[in-house]
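*Asks:* Before I ask anything, here is the structure I am working with.
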Amino acid sequence: MMKTIPIKRTRHRLFPDARRVLAKPYLPGEELLSPGVSRAYLLLQRILAIPESKVRGLCAEIMERFEHRHDDFAQTLELHYEQVAHLIPEGARVSAERRALIGAYFTHEYAVEAAALFNPSIVAAPDQAGVPAGALRFLMSVRAVGEGHLSSIEFRTGLLEADGDIAMDPAGTRLVGGRRAPPADFNKARFRIKLQELGLDNALSSAVLADLDDTFSQDALDSALIALERDGPPHAISFETVKIIRMLASSNYVTTFPADSAVSERVIFPAGPHETHGMEDARFVLFTEDDGSQVYYATYTAYDGFKILPQLIETRDFVRFTIKTLNGAAAQNKGMALFPRRIDGKYVMLSRKDRENLHLAWSDDVHHWADVTELLRPQEPWELLQIGNCGSPIETEAGWIVLTHGVGPMRRYAIGALLLALDDPRKVIGHLTTPLLEPDEDEREGYVPNVLYTCGAIAHGDALIIPYGFSDAGIGIARVAIADLLSALTSSRPHYSRATT
């Protein structure tokens, strides 16, 4: 019989706050209206017809109502004006106040977490200056859901104190989105592989890539696509190829935030074409290279309403984030989680490529995952529907602790744990036969009932700190003594080995 593991829920609760809003671009429907002009164009004509004598008062009213809710609100309106300025008739004179008014008509407030707040991951913060001995400043990513079930990535901060207490910082109230830009370059080999995975492997795509260097810029790619459209086959033939290539390129980008903004005010809002329905379940990990240098990675799922695309975030400071696609046989589904260091010189990733079972992938390239083997299948009643990871493994002298999620009857989610061999994580040396943490009566009601889920825990002192989402209604925090968890894991005898074929 497995040992009972004492686990303590802390007093902390994070809930959605509809007051946290982001001023984002708003474009009316793209449809063309009689006589063949867009709604945006017609709206602009109505705004331009407002007498100048009224514009200043309207602009002042908007600033009074909204400026106190957003940093650099005037600049935001100017940026949104610039996105539609090409529709203004040539030669038209537009005053500064009217520019702001136009920007306001093409802006709306989006409550990024009004519907749900859940599925956190936790890492040590980049800046530990001034932290008391034995304490650790942390940074927590959270999945926020707003209107239209659109998911974005937010952050919270706080301190894990030396005595075991947890102090959460107040969340910033003025949310800010990042400035998006293309990456410095693309890797042609990776780009070609991803195109093949997306079903695009034809003479036209090969011709485009043939004209590009091994690493190429967005401008170089645009030139190659323009050449194809100009000199290649009819538009009807090249259209789909050009569209997919542009969509893949747009899925790789950099987003940068004002350095003086609070981390908890930054929102990584969906920007890529595969993210039109959101960015789901980011799993952040502080990765240490063999030379001791460190970088933060996070896997997440981009979702366009029909298909998913595994993506990777890279950052060193949580100000500048580089976002790129993942490819390879292991990068075909949700729930990838990177080990916090290389093993035998290779990156190692947990994967759930078939939606049901845990897999392990190895690679020399953090963006390409082709070498994948099965690690564990569901076996206990509470996890028979599917099993997956709950974030990056935690390294201990006894082995790698892997928090798992299992789905059982009534689609109930609970958190379990595995222990993998330190030198060869393909070996499962411990597997909890009962859940470590499952929804209690106060946690089973919410947007998605009966779910307990985390995207990553952290070791601090002798405890494992597990932030978790409950029923997509909020976030709680639990702590368990690492010694107790290891004792239960090492006393359990896994009755499963990888399937043989």
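Every chain in the structure tokens has a letter given in the order shown (A, B, ...), and although residue numbers restart at 1 in each chain, ligands are simply numbered from 1 in the order shown.
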Which residues are close to range 477-488 of chain A, i.e. within 8 Å by only C-alpha atoms, leaving aside same-chain residues fewer than 5 positions away? Reply as a PyMOL selection string.
*Replies:* chain A and resi 2-13+398+419+432+462-468
*Asks:* Could those residues be written to a file, using N, CA and C atoms, as a PDB file, in the first residue's frame?
*Replies:*
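Done, and the output landed in part.pdb:
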ATOM      1  N   MET A   2       0.553   2.215  -0.851  1.00  0.00           N
ATOM      2  CA  MET A   2       1.374   3.412  -0.970  1.00  0.00           C
ATOM      3  C   MET A   2       1.248   4.282   0.268  1.00  0.00           C
ATOM      4  N   LYS A   3       2.362   4.903   0.645  1.00  0.00           N
ATOM      5  CA  LYS A   3       2.365   5.786   1.797  1.00  0.00           C
ATOM      6  C   LYS A   3       1.502   7.021   1.547  1.00  0.00           C
ATOM      7  N   THR A   4       0.823   7.472   2.596  1.00  0.00           N
ATOM      8  CA  THR A   4       0.055   8.712   2.507  1.00  0.00           C
ATOM      9  C   THR A   4       1.023   9.892   2.508  1.00  0.00           C
ATOM     10  N   ILE A   5       0.784  10.835   1.620  1.00  0.00           N
ATOM     11  CA  ILE A   5       1.677  11.988   1.492  1.00  0.00           C
ATOM     12  C   ILE A   5       0.978  13.220   2.062  1.00  0.00           C
ATOM     13  N   PRO A   6       1.486  13.781   3.147  1.00  0.00           N
ATOM     14  CA  PRO A   6       0.884  15.025   3.652  1.00  0.00           C
ATOM     15  C   PRO A   6       1.094  16.161   2.654  1.00  0.00           C
ATOM     16  N   ILE A   7       0.032  16.843   2.311  1.00  0.00           N
ATOM     17  CA  ILE A   7       0.131  17.982   1.389  1.00  0.00           C
ATOM     18  C   ILE A   7      -0.745  19.103   1.921  1.00  0.00           C
ATOM     19  N   LYS A   8      -0.238  20.322   1.865  1.00  0.00           N
ATOM     20  CA  LYS A   8      -0.918  21.460   2.474  1.00  0.00           C
ATOM     21  C   LYS A   8      -1.276  22.491   1.419  1.00  0.00           C
ATOM     22  N   ARG A   9      -2.543  22.860   1.382  1.00  0.00           N
ATOM     23  CA  ARG A   9      -2.968  23.989   0.563  1.00  0.00           C
ATOM     24  C   ARG A   9      -2.733  25.270   1.354  1.00  0.00           C
ATOM     25  N   THR A  10      -2.148  26.263   0.719  1.00  0.00           N
ATOM     26  CA  THR A  10      -1.925  27.536   1.400  1.00  0.00           C
ATOM     27  C   THR A  10      -3.201  28.376   1.352  1.00  0.00           C
ATOM     28  N   ARG A  11      -3.145  29.525   1.968  1.00  0.00           N
ATOM     29  CA  ARG A  11      -4.310  30.419   2.027  1.00  0.00           C
ATOM     30  C   ARG A  11      -4.517  31.191   0.729  1.00  0.00           C
ATOM     31  N   HIS A  12      -3.576  31.123  -0.184  1.00  0.00           N
ATOM     32  CA  HIS A  12      -3.585  32.001  -1.351  1.00  0.00           C
ATOM     33  C   HIS A  12      -4.609  31.562  -2.389  1.00  0.00           C
ATOM     34  N   ARG A  13      -5.302  32.535  -2.940  1.00  0.00           N
ATOM     35  CA  ARG A  13      -6.239  32.309  -4.020  1.00  0.00           C
ATOM     36  C   ARG A  13      -6.153  33.479  -5.001  1.00  0.00           C
ATOM     37  N   ALA A 398      17.601  11.859  -5.835  1.00  0.00           N
ATOM     38  CA  ALA A 398      16.982  10.547  -6.033  1.00  0.00           C
ATOM     39  C   ALA A 398      16.479  10.342  -7.463  1.00  0.00           C
ATOM     40  N   LEU A 419       8.792   9.320 -10.781  1.00  0.00           N
ATOM     41  CA  LEU A 419      10.204   9.530 -10.504  1.00  0.00           C
ATOM     42  C   LEU A 419      10.978   8.839 -11.615  1.00  0.00           C
ATOM     43  N   LEU A 432       3.233   7.209  -8.497  1.00  0.00           N
ATOM     44  CA  LEU A 432       2.169   7.218  -7.505  1.00  0.00           C
ATOM     45  C   LEU A 432       0.934   6.507  -8.052  1.00  0.00           C
ATOM     46  N   ASP A 462      13.149  22.569   1.507  1.00  0.00           N
ATOM     47  CA  ASP A 462      12.820  21.144   1.543  1.00  0.00           C
ATOM     48  C   ASP A 462      11.422  20.866   1.010  1.00  0.00           C
ATOM     49  N   ALA A 463      10.810  21.843   0.329  1.00  0.00           N
ATOM     50  CA  ALA A 463       9.425  21.690  -0.118  1.00  0.00           C
ATOM     51  C   ALA A 463       9.300  21.871  -1.620  1.00  0.00           C
ATOM     52  N   LEU A 464       8.280  21.244  -2.164  1.00  0.00           N
ATOM     53  CA  LEU A 464       7.877  21.462  -3.543  1.00  0.00           C
ATOM     54  C   LEU A 464       6.647  22.363  -3.515  1.00  0.00           C
ATOM     55  N   ILE A 465       6.756  23.512  -4.186  1.00  0.00           N
ATOM     56  CA  ILE A 465       5.668  24.488  -4.236  1.00  0.00           C
ATOM     57  C   ILE A 465       4.914  24.265  -5.546  1.00  0.00           C
ATOM     58  N   ILE A 466       3.620  23.991  -5.433  1.00  0.00           N
ATOM     59  CA  ILE A 466       2.814  23.640  -6.606  1.00  0.00           C
ATOM     60  C   ILE A 466       1.665  24.633  -6.757  1.00  0.00           C
ATOM     61  N   PRO A 467       1.799  25.629  -7.630  1.00  0.00           N
ATOM     62  CA  PRO A 467       0.633  26.450  -7.953  1.00  0.00           C
ATOM     63  C   PRO A 467      -0.256  25.660  -8.909  1.00  0.00           C
ATOM     64  N   TYR A 468      -1.552  25.758  -8.766  1.00  0.00           N
ATOM     65  CA  TYR A 468      -2.427  24.951  -9.602  1.00  0.00           C
ATOM     66  C   TYR A 468      -3.706  25.720  -9.926  1.00  0.00           C
TER      67      TYR A 468
END
*Asks:* Could you give me, as JSON lines, every range 185-269 of chain A residue with an atom at most 12 Å from range 140-145 of chain A, plus its closest atom pair and distance in Å to one decimal, counting only C-alpha atoms, rows ordered by chain then number?
*Replies:*
{"residue": "A:Val263", "atom": "CA", "partner": "A:Met140", "partner_atom": "CA", "distance": 9.9}
{"residue": "A:Ser264", "atom": "CA", "partner": "A:Met140", "partner_atom": "CA", "distance": 9.1}
{"residue": "A:Glu265", "atom": "CA", "partner": "A:Ser141", "partner_atom": "CA", "distance": 11.8}
{"residue": "A:Arg266", "atom": "CA", "partner": "A:Ser141", "partner_atom": "CA", "distance": 10.6}
{"residue": "A:Val267", "atom": "CA", "partner": "A:Ala144", "partner_atom": "CA", "distance": 9.3}
{"residue": "A:Ile268", "atom": "CA", "partner": "A:Arg143", "partner_atom": "CA", "distance": 10.1}
{"residue": "A:Phe269", "atom": "CA", "partner": "A:Ala144", "partner_atom": "CA", "distance": 9.8}
*Asks:* Output N, CA and C atoms for every residue in the selection just made, as an mmCIF file, in the first residue's frame.
*Replies:*
data_model
loop_
_atom_site.group_PDB
_atom_site.id
_atom_site.type_symbol
_atom_site.label_atom_id
_atom_site.label_comp_id
_atom_site.auth_asym_id
_atom_site.auth_seq_id
_atom_site.Cartn_x
_atom_site.Cartn_y
_atom_site.Cartn_z
ATOM 1 N N VAL A 263 6.154 43.518 -14.254
ATOM 2 C CA VAL A 263 5.992 42.221 -14.913
ATOM 3 C C VAL A 263 4.526 41.797 -14.908
ATOM 4 N N SER A 264 3.818 42.068 -13.808
ATOM 5 C CA SER A 264 2.426 41.637 -13.706
ATOM 6 C C SER A 264 1.481 42.476 -14.567
ATOM 7 N N GLU A 265 2.009 43.518 -15.214
ATOM 8 C CA GLU A 265 1.203 44.311 -16.137
ATOM 9 C C GLU A 265 1.395 43.877 -17.589
ATOM 10 N N ARG A 266 2.354 42.995 -17.835
ATOM 11 C CA ARG A 266 2.654 42.573 -19.202
ATOM 12 C C ARG A 266 1.757 41.407 -19.612
ATOM 13 N N VAL A 267 1.205 41.504 -20.801
ATOM 14 C CA VAL A 267 0.342 40.460 -21.340
ATOM 15 C C VAL A 267 0.893 40.044 -22.698
ATOM 16 N N ILE A 268 1.279 38.776 -22.807
ATOM 17 C CA ILE A 268 1.642 38.251 -24.124
ATOM 18 C C ILE A 268 0.336 37.861 -24.796
ATOM 19 N N PHE A 269 -0.128 38.734 -25.660
ATOM 20 C CA PHE A 269 -1.434 38.543 -26.293
ATOM 21 C C PHE A 269 -1.242 37.852 -27.637
#
*Asks:* DSSP says alpha helix (DSSP H) for which residues of range 59-214 of chain A? Put them as a PyMOL selection string?
*Replies:* chain A and resi 59-66+73-82+96-105+188-197+203-210
*Asks:* Contacts of range 19-23 of chain A at 9 Å or less, counting only C-alpha atoms, minus same-chain residues fewer than 4 places along, as a count of residues only?
*Replies:* 21
*Asks:* Applying 9 Å and only C-alpha atoms, which residues near range 223-234 of chain A remain after dropping the ones on its own chain fewer than 3 positions away? List them as a list in words.
*Replies:* Leu204, Ala207, Val208, Leu209, Asp211, Leu212, Gln218, Asp219, Ala220, Ile237, Ser238, Phe239, Val242, Ile245 and Arg246 of chain A
*Asks:* Residues of range 34-262 of chain A classed as strand (DSSP E or B) by DSSP on the backbone are to be reported as a ChimeraX atom specification.
*Replies:* /A:37-38,107-111,116-124,136-146,150-160,166-168,176-177,179-181,186-187,215-216,253-256
*Asks:* Which of these, A:Gly461, A:Gly164, A:Pro381, A:Gly388, has the shortest distance to Thr434 in chain A once you count only C-alpha atoms?
*Replies:*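 For Thr434 in chain A, the nearest of the given residues is A:Pro381.
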*Asks:* Could you check how far CA of Ile88 in chain A sits from CA of Gly57 in chain A, in Å to one decimal?
*Replies:* 21.9 Å
*Asks:* Neighbouring residues of Ala361 in chain A were defined as those with any atom within 8 Å, considering only C-alpha atoms; residues of the same chain fewer than 3 positions away were excluded. Please report them as a PDB file with N, CA and C atoms, in the first residue's frame.
*Replies:*
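The resulting file, around-v5.pdb, is reproduced below:
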ATOM      1  N   ALA A 330       7.903  14.619 -32.186  1.00  0.00           N
ATOM      2  CA  ALA A 330       7.434  14.789 -30.804  1.00  0.00           C
ATOM      3  C   ALA A 330       6.607  16.051 -30.625  1.00  0.00           C
ATOM      4  N   VAL A 348      16.270  17.494 -23.545  1.00  0.00           N
ATOM      5  CA  VAL A 348      15.301  16.428 -23.303  1.00  0.00           C
ATOM      6  C   VAL A 348      13.945  17.080 -23.031  1.00  0.00           C
ATOM      7  N   MET A 349      12.897  16.494 -23.615  1.00  0.00           N
ATOM      8  CA  MET A 349      11.568  17.075 -23.519  1.00  0.00           C
ATOM      9  C   MET A 349      10.546  15.977 -23.222  1.00  0.00           C
ATOM     10  N   LEU A 350       9.639  16.262 -22.298  1.00  0.00           N
ATOM     11  CA  LEU A 350       8.453  15.425 -22.131  1.00  0.00           C
ATOM     12  C   LEU A 350       7.445  15.810 -23.204  1.00  0.00           C
ATOM     13  N   SER A 351       6.730  14.814 -23.714  1.00  0.00           N
ATOM     14  CA  SER A 351       5.801  15.057 -24.810  1.00  0.00           C
ATOM     15  C   SER A 351       4.574  14.174 -24.637  1.00  0.00           C
ATOM     16  N   TRP A 369      12.378  18.236 -32.746  1.00  0.00           N
ATOM     17  CA  TRP A 369      12.250  17.065 -31.877  1.00  0.00           C
ATOM     18  C   TRP A 369      11.763  15.864 -32.677  1.00  0.00           C
ATOM     19  N   ALA A 370      12.708  15.069 -33.156  1.00  0.00           N
ATOM     20  CA  ALA A 370      12.375  13.914 -33.990  1.00  0.00           C
ATOM     21  C   ALA A 370      12.559  12.588 -33.261  1.00  0.00           C
ATOM     22  N   ASP A 371      13.495  12.524 -32.308  1.00  0.00           N
ATOM     23  CA  ASP A 371      13.806  11.281 -31.597  1.00  0.00           C
ATOM     24  C   ASP A 371      12.892  11.165 -30.385  1.00  0.00           C
ATOM     25  N   VAL A 372      11.861  10.325 -30.480  1.00  0.00           N
ATOM     26  CA  VAL A 372      10.864  10.254 -29.423  1.00  0.00           C
ATOM     27  C   VAL A 372      10.528   8.796 -29.116  1.00  0.00           C
ATOM     28  N   THR A 373      10.399   8.481 -27.828  1.00  0.00           N
ATOM     29  CA  THR A 373      10.041   7.131 -27.391  1.00  0.00           C
ATOM     30  C   THR A 373       8.925   7.225 -26.348  1.00  0.00           C
TER      31      THR A 373
END
